[in-house]
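Undergrad: This is the structure I have questions about; it appears just below.
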Amino acid sequence: MTQFRLCARGVAAVTLPLLAACSSGPDATPTADLVLHHGRVYTLAWPDPSTDGRPSAQAPYDSAGGWRHDATAIAVREGRIVYVGTDSGALALSGPGTRVVDLADGVVLPGLVDAHTHVAELGESLERVNLTGVATEAEAVNIIAERAAKTPKGEWILGYGWDEGAWANRYPDKRLLSERVPDHPVVLRSLHGFASWANTRALALAGITRDTPVPNGGEIRKDASGEPTGLVLNRAVPLLDNAVPRPTPAQRDSQVLRALRVMNESGYTGMHEAGVPPDVMDSFERLAERDALPLRVYAMLSARDSALVRRWIARGPFTSANGMLSVRAVKAYYDGALGSRGAQLLDDYADRPGHRGVSGGSYGFDQRLVADAMRAGFQAGIHAIGDAGNRATLDFIDSVTRAAPSARELRHRVEHAQVVSPADMARFAALGVIASVQPPHAVEDKGWAETRVGSERIAGAYAWRTLRQAGAPLVFSSDLPGSDWSPFYGLYSAITRQDTSGAPPGGWYPAQRMTPEEAVRGYTVWSAWAGFDEQEAGVIAVGKRADITVLDVDPFRAEPRALLRGGVALTVSRGRVVFEREGSR
Ligand SMILES: [Zn+2]
């Protein structure tokens, strides 16, 4: 990691010879700490495009030549942007103590913000067996057996990433897994966390038997004789999770930091953690206090932990002195997921007559707790996937904000907003509710989503353009670690609605595609706004916090497939270089 000297404004040069280099005289402008030049800077400091994607008249765009960058250089001092403009203008602010970086035509964007993450899980998963992309149960069991061979007997083996959506028609069970791995407790979380798969040893340690009461909104799968099969769904997942030993505070801090650094490597300078449990909240607070957060953390408290939320309601919304930790949101779940048929639909699932999913109180949604948090000044981010789940969530926000007008301006959000009834599209704008959507989900779900909802309802599914045209504020995110968090993949998915192989030609329901500008805004300007950070970040402008991402491909001008070969060259968080690609200069 690069260290550079901070040049304090007005510090007497006599005390520290090093600082003398920072100031060229009593009346001169103090020099910059960091100068980035020879770049293609898109400041995003122009107005939003129209809801059909047309760039604003002030945008650096014309229909003949397309997009062009609107600056080439930036100067940073004490964590803030002090200059945006030409190379010569920025270089004029450099002195002997300035780090000067030649960007070699790199593309500079406002720091990327992932508006829906599970960084704590990413940190855990970096230590776990990765089953992402594994096609069959047998293959997954082979991988676990290999890990078991290298792991002392009795130690837990944790894995993640098998796809509960793709495997929903033939869930795995404990038989083969227990046969091949009898001596280690094994718990394998699904890709999106809505299912968990265990062997006999883990079921025993978790105390899951034929007599275990099934939590509301959950399912313990059982065989014909009533024995648990080793697979639990939705709200029964914690039965297994809670049996796994918790990391110590030091382990938690190192997991979280490791995950945040992975995000820096992917160009992120901010993220919204969607559902923070108490031990992760403690970790964020410890790291913020040590000034060790390498990106801005917007923590959305887990409404599944009422004691935690009650404590914060008493304490009130909070932002750390350095601005790097903000706690002013709660994350709740209204329904399940579409793949595992937990999302609540207004009508039957097209591929399971008589079934409409599960939601509300029966899914563990604590209406009073979330309403109390909203009245106390917290933003509510409510997971809703099905059209019934979305409608009920909008109804809930409507009723709370009607009774408590002060809660109206809190930019409440529907997390996923995946299947929305045409009748509800305009309600997002009317209520000022953000649709927090994940471009990767559309391309990953396209193989089975229409089977679940049928040909009519699919028109309101993953319907970003329709939402925008209805006036809904949008933000984009990865929902990591469930999806690949590469910003290039996210931008590509938003722009093309094609998978990485380019299918389907033209994109899946291509009318819902975003323009490159909208895609970039969804990960910068709009996500900063959703995290109440628009005064500080989201655009590149003098006075803003120096959160900057440098890429080697231009999302405004490149042919979209070229994005998939893109790389991050440099990530700057609050003026600090937190990631720098080796050999990039
Ligand atoms: Zn999530």
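Residue numbers start at 1 in each chain; chains themselves are named A, B, ... in the order of the structure tokens; ligands are numbered from 1 in the order shown.
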With DSSP run on the backbone, what are the strand (DSSP E or B) residues within range 429-525 of chain A? I'd like them as number ranges by chain.
TA: A: 434-437, 461, 474-476, 480
Undergrad: Deliver the residues from the most recent selection as a file, using all heavy atoms, as a short mmCIF file (atom, residue, chain, number, x, y, z; two decimals), in the first residue's frame.
TA:
data_model
loop_
_atom_site.label_atom_id
_atom_site.label_comp_id
_atom_site.auth_asym_id
_atom_site.auth_seq_id
_atom_site.Cartn_x
_atom_site.Cartn_y
_atom_site.Cartn_z
N ILE A 434 -36.88 4.18 -3.02
CA ILE A 434 -35.83 3.77 -3.96
C ILE A 434 -36.04 2.31 -4.34
O ILE A 434 -36.31 1.47 -3.47
CB ILE A 434 -34.45 3.92 -3.29
CG1 ILE A 434 -34.18 5.38 -2.92
CG2 ILE A 434 -33.35 3.35 -4.17
CD1 ILE A 434 -32.99 5.56 -1.97
N ALA A 435 -35.89 2.00 -5.63
CA ALA A 435 -35.83 0.60 -6.06
C ALA A 435 -34.35 0.21 -6.11
O ALA A 435 -33.60 0.69 -6.95
CB ALA A 435 -36.48 0.43 -7.42
N SER A 436 -33.95 -0.61 -5.15
CA SER A 436 -32.54 -1.00 -5.03
C SER A 436 -32.37 -2.35 -5.73
O SER A 436 -32.70 -3.39 -5.17
CB SER A 436 -32.18 -1.09 -3.54
OG SER A 436 -30.94 -1.72 -3.34
N VAL A 437 -31.91 -2.31 -6.97
CA VAL A 437 -31.92 -3.51 -7.82
C VAL A 437 -30.51 -4.00 -8.14
O VAL A 437 -29.54 -3.24 -8.02
CB VAL A 437 -32.70 -3.27 -9.13
CG1 VAL A 437 -34.11 -2.80 -8.83
CG2 VAL A 437 -31.98 -2.27 -10.03
N ALA A 461 -40.99 -7.67 -14.15
CA ALA A 461 -39.89 -8.28 -13.41
C ALA A 461 -38.55 -7.71 -13.88
O ALA A 461 -38.35 -7.55 -15.08
CB ALA A 461 -39.91 -9.79 -13.59
N LEU A 474 -33.43 4.75 -8.78
CA LEU A 474 -32.82 3.42 -8.85
C LEU A 474 -31.43 3.46 -8.24
O LEU A 474 -30.74 4.48 -8.36
CB LEU A 474 -32.65 2.97 -10.30
CG LEU A 474 -33.84 2.57 -11.15
CD1 LEU A 474 -33.33 1.99 -12.48
CD2 LEU A 474 -34.69 1.54 -10.46
N VAL A 475 -31.02 2.37 -7.62
CA VAL A 475 -29.60 2.18 -7.30
C VAL A 475 -29.23 0.75 -7.66
O VAL A 475 -30.07 -0.15 -7.63
CB VAL A 475 -29.23 2.43 -5.82
CG1 VAL A 475 -29.36 3.90 -5.50
CG2 VAL A 475 -30.05 1.59 -4.88
N PHE A 476 -27.95 0.57 -8.01
CA PHE A 476 -27.47 -0.74 -8.45
C PHE A 476 -26.48 -1.32 -7.45
O PHE A 476 -25.77 -0.59 -6.75
CB PHE A 476 -26.79 -0.64 -9.82
CG PHE A 476 -27.72 -0.19 -10.91
CD1 PHE A 476 -27.25 0.55 -11.98
CD2 PHE A 476 -29.07 -0.50 -10.87
CE1 PHE A 476 -28.10 0.96 -13.00
CE2 PHE A 476 -29.93 -0.10 -11.88
CZ PHE A 476 -29.43 0.64 -12.95
N LEU A 480 -23.31 -8.97 -3.22
CA LEU A 480 -22.21 -9.91 -2.98
C LEU A 480 -22.34 -10.55 -1.60
O LEU A 480 -22.94 -9.93 -0.71
CB LEU A 480 -20.86 -9.19 -3.11
CG LEU A 480 -20.46 -8.15 -2.05
CD1 LEU A 480 -19.87 -8.79 -0.80
CD2 LEU A 480 -19.48 -7.17 -2.65
#
Undergrad: Counting only C-alpha atoms and all ligand atoms, name the residues that have an atom within 10 Å of an atom of ligand 1; the answer should be given as a PyMOL selection string.
TA: chain A and resi 115-118+192-193+273-275+331+333+383+415-416+438+477-483
Undergrad: Give the alpha helix (DSSP H) residues of range 334-458 of chain A, as DSSP finds them on the backbone, and put them as a ChimeraX atom specification.
TA: /A:367-375,387-403,425-431,439-445,449-457
Undergrad: For range 168-176 of chain A, work out the shell of residues within 10 Å, counting only C-alpha atoms and skipping chain neighbours fewer than 5 positions away, then give it as a PyMOL selection string.
TA: chain A and resi 136-138+140-142+162-163+181-182+186+195-203+221-223+228-232+339-341
Undergrad: Which neighbours of range 295-308 of chain A fall inside 6 Å, counting only C-alpha atoms, when residues of the same chain fewer than 5 positions from it are skipped, and could you give them as a list of chain:residue names?
TA: A:Thr269, A:Gly270, A:Met271, A:His272, A:Glu273, A:Ala274, A:Gly275, A:Val276, A:Pro277, A:Met324, A:Leu325, A:Ser326, A:Val327, A:Ala329, A:Val330, A:Lys331, A:Ala332, A:Ser573
Undergrad: Create the file for the chosen residues now, containing all heavy atoms and written as a compact mmCIF listing (two decimals), in the first residue's frame.
TA:
# COMPACT_ATOMS: atom_id res chain seq x y z
N THR A 269 -15.30 2.35 -3.28
CA THR A 269 -14.94 3.25 -2.19
C THR A 269 -16.08 3.38 -1.19
O THR A 269 -16.01 4.15 -0.25
CB THR A 269 -14.61 4.65 -2.73
OG1 THR A 269 -15.78 5.17 -3.38
CG2 THR A 269 -13.45 4.61 -3.71
N GLY A 270 -17.14 2.62 -1.43
CA GLY A 270 -18.26 2.65 -0.50
C GLY A 270 -19.15 1.44 -0.69
O GLY A 270 -19.14 0.83 -1.77
N MET A 271 -19.86 1.07 0.35
CA MET A 271 -20.82 -0.02 0.22
C MET A 271 -21.89 0.11 1.28
O MET A 271 -21.69 0.73 2.32
CB MET A 271 -20.10 -1.38 0.29
CG MET A 271 -19.25 -1.58 1.51
SD MET A 271 -20.24 -2.00 2.93
CE MET A 271 -19.19 -2.95 3.90
N HIS A 272 -23.06 -0.46 0.96
CA HIS A 272 -24.17 -0.48 1.91
C HIS A 272 -24.33 -1.93 2.35
O HIS A 272 -24.72 -2.78 1.56
CB HIS A 272 -25.46 -0.01 1.24
CG HIS A 272 -25.36 1.39 0.66
ND1 HIS A 272 -26.41 2.00 0.03
CD2 HIS A 272 -24.35 2.30 0.66
CE1 HIS A 272 -26.05 3.23 -0.35
NE2 HIS A 272 -24.80 3.42 0.01
N GLU A 273 -24.03 -2.18 3.62
CA GLU A 273 -24.11 -3.56 4.13
C GLU A 273 -25.56 -3.86 4.51
O GLU A 273 -26.10 -3.25 5.44
CB GLU A 273 -23.16 -3.72 5.31
CG GLU A 273 -23.11 -5.12 5.89
CD GLU A 273 -22.29 -6.12 5.06
OE1 GLU A 273 -22.02 -5.85 3.87
OE2 GLU A 273 -21.94 -7.19 5.62
N ALA A 274 -26.16 -4.79 3.79
CA ALA A 274 -27.60 -5.01 3.89
C ALA A 274 -27.95 -6.06 4.94
O ALA A 274 -28.23 -7.21 4.64
CB ALA A 274 -28.15 -5.41 2.52
N GLY A 275 -27.93 -5.62 6.21
CA GLY A 275 -28.29 -6.52 7.29
C GLY A 275 -27.09 -6.81 8.17
O GLY A 275 -26.42 -7.82 7.98
N VAL A 276 -26.84 -5.90 9.12
CA VAL A 276 -25.64 -6.04 9.96
C VAL A 276 -26.03 -6.60 11.32
O VAL A 276 -26.80 -5.99 12.05
CB VAL A 276 -24.96 -4.66 10.15
CG1 VAL A 276 -23.69 -4.80 10.96
CG2 VAL A 276 -24.67 -4.03 8.80
N PRO A 277 -25.52 -7.78 11.67
CA PRO A 277 -25.78 -8.33 13.00
C PRO A 277 -24.85 -7.68 14.04
O PRO A 277 -23.90 -6.99 13.67
CB PRO A 277 -25.45 -9.82 12.83
CG PRO A 277 -24.45 -9.87 11.74
CD PRO A 277 -24.71 -8.68 10.85
N MET A 324 -16.56 7.84 7.80
CA MET A 324 -16.37 6.55 7.13
C MET A 324 -17.32 5.45 7.60
O MET A 324 -17.36 4.38 7.02
CB MET A 324 -14.91 6.09 7.30
CG MET A 324 -13.91 7.02 6.65
SD MET A 324 -14.17 7.19 4.86
CE MET A 324 -13.33 5.72 4.28
N LEU A 325 -18.08 5.72 8.66
CA LEU A 325 -19.10 4.75 9.09
C LEU A 325 -20.38 5.52 9.34
O LEU A 325 -20.40 6.51 10.07
CB LEU A 325 -18.66 4.04 10.38
CG LEU A 325 -19.72 3.12 11.01
CD1 LEU A 325 -20.07 1.96 10.08
CD2 LEU A 325 -19.24 2.59 12.36
N SER A 326 -21.44 5.05 8.70
CA SER A 326 -22.73 5.69 8.89
C SER A 326 -23.74 4.62 9.26
O SER A 326 -23.82 3.57 8.63
CB SER A 326 -23.14 6.39 7.60
OG SER A 326 -24.39 7.02 7.79
N VAL A 327 -24.50 4.88 10.33
CA VAL A 327 -25.51 3.93 10.81
C VAL A 327 -26.82 4.68 10.88
O VAL A 327 -27.08 5.43 11.82
CB VAL A 327 -25.15 3.38 12.21
CG1 VAL A 327 -26.07 2.22 12.57
CG2 VAL A 327 -23.69 2.94 12.27
N ALA A 329 -29.80 3.17 8.96
CA ALA A 329 -30.73 2.36 8.17
C ALA A 329 -30.92 1.01 8.83
O ALA A 329 -30.05 0.53 9.56
CB ALA A 329 -30.18 2.17 6.75
N VAL A 330 -32.09 0.43 8.59
CA VAL A 330 -32.33 -0.94 9.02
C VAL A 330 -32.69 -1.76 7.79
O VAL A 330 -33.26 -1.24 6.83
CB VAL A 330 -33.46 -1.07 10.07
CG1 VAL A 330 -33.09 -0.35 11.35
CG2 VAL A 330 -34.78 -0.54 9.52
N LYS A 331 -32.33 -3.03 7.84
CA LYS A 331 -32.63 -3.93 6.73
C LYS A 331 -33.56 -5.03 7.23
O LYS A 331 -33.26 -5.70 8.21
CB LYS A 331 -31.33 -4.55 6.22
CG LYS A 331 -31.49 -5.83 5.39
CD LYS A 331 -31.95 -5.55 3.97
CE LYS A 331 -32.33 -6.84 3.24
NZ LYS A 331 -31.29 -7.84 3.16
N ALA A 332 -34.71 -5.15 6.57
CA ALA A 332 -35.67 -6.18 6.97
C ALA A 332 -36.04 -7.03 5.75
O ALA A 332 -35.78 -6.63 4.61
CB ALA A 332 -36.93 -5.51 7.52
N SER A 573 -9.60 6.20 -1.62
CA SER A 573 -10.67 6.41 -0.65
C SER A 573 -10.25 7.51 0.31
O SER A 573 -9.21 7.40 0.96
CB SER A 573 -10.91 5.10 0.13
OG SER A 573 -11.66 5.34 1.29
Undergrad: Between CA of Ile458 in chain A and CA of Gly381 in chain A, measure the distance and give it in Å to one decimal.
TA: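 Atom-to-atom, CA of Ile458 in chain A and CA of Gly381 in chain A are spaced 23.6 Å apart.
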Undergrad: List as a ChimeraX atom specification the protein and nucleic acid residues near Ala472 in chain A, meaning an atom at most 6 Å away when only C-alpha atoms are counted, but skip any in the same chain fewer than 5 places from it.
TA: /A:428-429,467
Undergrad: Out of A:Gly566, A:Pro110, A:Pro422, A:Gly583, which residue has the shortest atom-to-atom distance to Glu456 in chain A when counting only C-alpha atoms?
TA: A:Pro422
Undergrad: Give me the range 158-254 of chain A side of the contact with range 344-366 of chain A, cut-off 12 Å, one line per residue showing its nearest atom pair and distance in Å at one decimal, counting only C-alpha atoms, sorted by chain and residue number, as CSV.
TA:
residue,atom,partner,partner_atom,distance
A:Ala168,CA,A:Asp351,CA,11.8
A:Asn169,CA,A:Asp351,CA,10.7
A:Val214,CA,A:Ser362,CA,11.8
A:Pro215,CA,A:Ser362,CA,9.0
A:Asn216,CA,A:Ser362,CA,5.3
A:Gly217,CA,A:Tyr363,CA,4.6
A:Gly218,CA,A:Tyr363,CA,7.8
A:Glu219,CA,A:Val358,CA,11.2
A:Leu233,CA,A:Tyr363,CA,11.7
A:Asn234,CA,A:Tyr363,CA,8.5
A:Arg235,CA,A:Tyr363,CA,7.0
A:Ala236,CA,A:Tyr363,CA,10.5
Undergrad: Dump N, CA and C atoms for the selected residues as a JSON list (two decimals), in the first residue's frame?
TA:
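What landed in result_9.json:
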[["chain", "number", "residue", "atom", "x", "y", "z"],
["A", 168, "ALA", "N", -33.47, -26.06, -7.38],
["A", 168, "ALA", "CA", -34.71, -26.12, -6.60],
["A", 168, "ALA", "C", -35.57, -27.34, -6.93],
["A", 169, "ASN", "N", -35.43, -27.84, -8.13],
["A", 169, "ASN", "CA", -36.27, -28.99, -8.48],
["A", 169, "ASN", "C", -35.70, -30.32, -8.00],
["A", 214, "VAL", "N", -40.63, -26.29, 13.44],
["A", 214, "VAL", "CA", -40.25, -25.56, 12.22],
["A", 214, "VAL", "C", -40.57, -24.08, 12.42],
["A", 215, "PRO", "N", -39.57, -23.20, 12.24],
["A", 215, "PRO", "CA", -39.86, -21.76, 12.41],
["A", 215, "PRO", "C", -40.84, -21.28, 11.34],
["A", 216, "ASN", "N", -41.62, -20.26, 11.68],
["A", 216, "ASN", "CA", -42.53, -19.64, 10.71],
["A", 216, "ASN", "C", -41.75, -19.24, 9.47],
["A", 217, "GLY", "N", -42.31, -19.54, 8.32],
["A", 217, "GLY", "CA", -41.65, -19.12, 7.09],
["A", 217, "GLY", "C", -40.43, -19.95, 6.75],
["A", 218, "GLY", "N", -40.24, -21.05, 7.45],
["A", 218, "GLY", "CA", -39.10, -21.92, 7.18],
["A", 218, "GLY", "C", -39.54, -23.32, 6.84],
["A", 219, "GLU", "N", -38.60, -24.13, 6.40],
["A", 219, "GLU", "CA", -38.92, -25.51, 6.09],
["A", 219, "GLU", "C", -37.72, -26.39, 6.44],
["A", 233, "LEU", "N", -34.71, -24.61, 4.59],
["A", 233, "LEU", "CA", -35.01, -23.51, 3.66],
["A", 233, "LEU", "C", -35.49, -22.29, 4.41],
["A", 234, "ASN", "N", -35.23, -21.13, 3.78],
["A", 234, "ASN", "CA", -35.74, -19.84, 4.24],
["A", 234, "ASN", "C", -35.50, -19.64, 5.73],
["A", 235, "ARG", "N", -36.55, -19.43, 6.50],
["A", 235, "ARG", "CA", -36.36, -19.06, 7.90],
["A", 235, "ARG", "C", -35.87, -20.21, 8.78],
["A", 236, "ALA", "N", -35.69, -21.39, 8.21],
["A", 236, "ALA", "CA", -35.10, -22.48, 8.99],
["A", 236, "ALA", "C", -33.58, -22.51, 8.84]]
Undergrad: Residues at most 10 Å from Ala288 in chain A, counting only C-alpha atoms, excluding those fewer than 2 positions away in the same chain, as JSON, numbers by chain?
TA: {"A": [282, 283, 284, 285, 286, 290, 291, 292, 293, 294, 296, 297, 320, 321, 322, 323, 324, 325, 326]}
Undergrad: Please dump the current selection as a compact mmCIF listing (two decimals), in the first residue's frame; keep all heavy atoms.
TA:
# COMPACT_ATOMS: atom_id res chain seq x y z
N ASP A 282 -20.20 -4.31 15.82
CA ASP A 282 -19.08 -4.05 16.73
C ASP A 282 -17.78 -3.92 15.95
O ASP A 282 -16.95 -3.05 16.21
CB ASP A 282 -18.94 -5.18 17.76
CG ASP A 282 -20.08 -5.19 18.76
OD1 ASP A 282 -20.81 -4.18 18.84
OD2 ASP A 282 -20.24 -6.21 19.46
N SER A 283 -17.62 -4.81 14.98
CA SER A 283 -16.40 -4.81 14.19
C SER A 283 -16.27 -3.51 13.39
O SER A 283 -15.22 -2.87 13.39
CB SER A 283 -16.41 -6.03 13.27
OG SER A 283 -15.24 -6.09 12.52
N PHE A 284 -17.35 -3.10 12.73
CA PHE A 284 -17.33 -1.82 11.98
C PHE A 284 -16.97 -0.67 12.92
O PHE A 284 -16.19 0.21 12.57
CB PHE A 284 -18.70 -1.55 11.34
CG PHE A 284 -19.02 -2.40 10.14
CD1 PHE A 284 -20.34 -2.70 9.83
CD2 PHE A 284 -18.03 -2.89 9.31
CE1 PHE A 284 -20.67 -3.47 8.70
CE2 PHE A 284 -18.34 -3.66 8.18
CZ PHE A 284 -19.67 -3.95 7.89
N GLU A 285 -17.55 -0.69 14.12
CA GLU A 285 -17.27 0.42 15.04
C GLU A 285 -15.80 0.42 15.50
O GLU A 285 -15.18 1.47 15.59
CB GLU A 285 -18.22 0.36 16.25
CG GLU A 285 -19.63 0.77 15.88
CD GLU A 285 -20.48 1.03 17.12
OE1 GLU A 285 -20.45 2.15 17.63
OE2 GLU A 285 -21.17 0.08 17.56
N ARG A 286 -15.29 -0.78 15.77
CA ARG A 286 -13.87 -0.85 16.16
C ARG A 286 -12.98 -0.34 15.03
O ARG A 286 -12.05 0.44 15.26
CB ARG A 286 -13.48 -2.31 16.50
CG ARG A 286 -13.90 -2.78 17.87
CD ARG A 286 -13.22 -4.12 18.22
NE ARG A 286 -13.60 -5.20 17.33
CZ ARG A 286 -14.64 -6.01 17.52
NH1 ARG A 286 -15.41 -5.86 18.59
NH2 ARG A 286 -14.92 -6.97 16.66
N ARG A 290 -10.47 3.03 14.87
CA ARG A 290 -9.03 2.95 14.55
C ARG A 290 -8.71 3.64 13.23
O ARG A 290 -7.58 3.57 12.76
CB ARG A 290 -8.60 1.48 14.44
CG ARG A 290 -8.38 0.82 15.77
CD ARG A 290 -8.20 -0.69 15.68
NE ARG A 290 -7.63 -1.20 14.44
CZ ARG A 290 -7.85 -2.42 13.95
NH1 ARG A 290 -8.64 -3.25 14.60
NH2 ARG A 290 -7.28 -2.81 12.83
N ASP A 291 -9.71 4.24 12.60
CA ASP A 291 -9.56 4.84 11.27
C ASP A 291 -8.99 3.82 10.28
O ASP A 291 -8.14 4.13 9.46
CB ASP A 291 -8.66 6.08 11.33
CG ASP A 291 -8.87 6.98 10.11
OD1 ASP A 291 -9.82 6.74 9.35
OD2 ASP A 291 -8.05 7.90 9.91
N ALA A 292 -9.49 2.60 10.39
CA ALA A 292 -8.95 1.52 9.56
C ALA A 292 -9.89 1.09 8.44
O ALA A 292 -9.61 0.13 7.74
CB ALA A 292 -8.64 0.31 10.46
N LEU A 293 -11.03 1.79 8.28
CA LEU A 293 -11.95 1.39 7.21
C LEU A 293 -11.41 1.91 5.87
O LEU A 293 -11.28 3.12 5.69
CB LEU A 293 -13.35 1.94 7.47
CG LEU A 293 -14.11 1.32 8.64
CD1 LEU A 293 -15.41 2.08 8.91
CD2 LEU A 293 -14.42 -0.16 8.37
N PRO A 294 -11.13 1.00 4.93
CA PRO A 294 -10.57 1.45 3.65
C PRO A 294 -11.63 1.85 2.64
O PRO A 294 -11.31 2.11 1.48
CB PRO A 294 -9.79 0.21 3.18
CG PRO A 294 -10.57 -0.94 3.73
CD PRO A 294 -11.19 -0.47 5.03
N ARG A 296 -16.02 3.64 2.63
CA ARG A 296 -17.10 4.09 3.50
C ARG A 296 -18.12 2.98 3.69
O ARG A 296 -18.60 2.39 2.73
CB ARG A 296 -17.79 5.31 2.89
CG ARG A 296 -18.93 5.84 3.76
CD ARG A 296 -19.50 7.10 3.14
NE ARG A 296 -20.51 7.72 3.99
CZ ARG A 296 -21.82 7.50 3.87
NH1 ARG A 296 -22.27 6.65 2.97
NH2 ARG A 296 -22.67 8.12 4.67
N VAL A 297 -18.44 2.73 4.96
CA VAL A 297 -19.39 1.67 5.31
C VAL A 297 -20.71 2.32 5.71
O VAL A 297 -20.77 3.11 6.65
CB VAL A 297 -18.84 0.82 6.48
CG1 VAL A 297 -19.92 -0.14 6.97
CG2 VAL A 297 -17.59 0.07 6.04
N SER A 320 -19.67 8.47 11.94
CA SER A 320 -18.40 8.63 12.66
C SER A 320 -17.76 9.97 12.28
O SER A 320 -18.04 10.52 11.22
CB SER A 320 -17.45 7.48 12.34
OG SER A 320 -17.09 7.52 10.97
N ALA A 321 -16.88 10.47 13.16
CA ALA A 321 -16.29 11.79 12.96
C ALA A 321 -15.58 11.87 11.60
O ALA A 321 -15.62 12.91 10.94
CB ALA A 321 -15.31 12.09 14.09
N ASN A 322 -14.95 10.78 11.17
CA ASN A 322 -14.25 10.82 9.89
C ASN A 322 -15.18 10.52 8.71
O ASN A 322 -14.73 10.45 7.57
CB ASN A 322 -13.04 9.87 9.91
CG ASN A 322 -13.46 8.41 10.09
OD1 ASN A 322 -14.65 8.08 9.98
ND2 ASN A 322 -12.50 7.54 10.33
N GLY A 323 -16.45 10.31 8.99
CA GLY A 323 -17.43 10.11 7.93
C GLY A 323 -17.41 8.72 7.31
O GLY A 323 -18.16 8.44 6.38
N MET A 324 -16.56 7.84 7.80
CA MET A 324 -16.37 6.55 7.13
C MET A 324 -17.32 5.45 7.60
O MET A 324 -17.36 4.38 7.02
CB MET A 324 -14.91 6.09 7.30
CG MET A 324 -13.91 7.02 6.65
SD MET A 324 -14.17 7.19 4.86
CE MET A 324 -13.33 5.72 4.28
N LEU A 325 -18.08 5.72 8.66
CA LEU A 325 -19.10 4.75 9.09
C LEU A 325 -20.38 5.52 9.34
O LEU A 325 -20.40 6.51 10.07
CB LEU A 325 -18.66 4.04 10.38
CG LEU A 325 -19.72 3.12 11.01
CD1 LEU A 325 -20.07 1.96 10.08
CD2 LEU A 325 -19.24 2.59 12.36
N SER A 326 -21.44 5.05 8.70
CA SER A 326 -22.73 5.69 8.89
C SER A 326 -23.74 4.62 9.26
O SER A 326 -23.82 3.57 8.63
CB SER A 326 -23.14 6.39 7.60
OG SER A 326 -24.39 7.02 7.79
Undergrad: So, with only C-alpha atoms as the atoms that count, which of A:Leu431, A:Ile81, A:Ala442, A:Ala373 lies closest to Thr401 in chain A?
TA: A:Leu431
Undergrad: Set the distance at 12 Å and use only C-alpha atoms: which residues neighbour Glu580 in chain A once local chain neighbours fewer than 2 positions away are removed? I'd like the list as a list in words.
TA: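 Residues meeting the cut-off are Met1, Thr2, Gln3, Val101, Leu103, Arg261, Asn264, Glu265, Ser266, Gly267, Ile548, Thr549, Val550, Leu551, Gly567, Val568, Ala569, Leu570, Thr571, Val572, Ser573, Arg576, Val577, Val578, Glu582, Gly583, Ser584 and Arg585 of chain A.
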Undergrad: Quick one: distance from CA of Gly432 in chain A to CA of Gln512 in chain A in Å, one decimal?
TA: 21.1 Å
Undergrad: Counting only C-alpha atoms, figure out which residue out of A:Arg521, A:Arg408, A:Arg561, A:Arg147 gets nearest to Thr43 in chain A.
TA: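 Among A:Arg521, A:Arg408, A:Arg561, A:Arg147, it is A:Arg521 that comes nearest to Thr43 in chain A.
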Undergrad: Could you check how far CA of Val107 in chain A sits from CA of Trp67 in chain A, in Å to one decimal?
TA: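 Those two atoms sit 12.5 Å apart.
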Undergrad: Taking into account only C-alpha atoms, which residue in the set A:Pro238, A:Gly89, A:Pro47, A:Gly522 is nearest to Pro60 in chain A?
TA: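 Distance minimum relative to Pro60 in chain A lands on A:Pro47.
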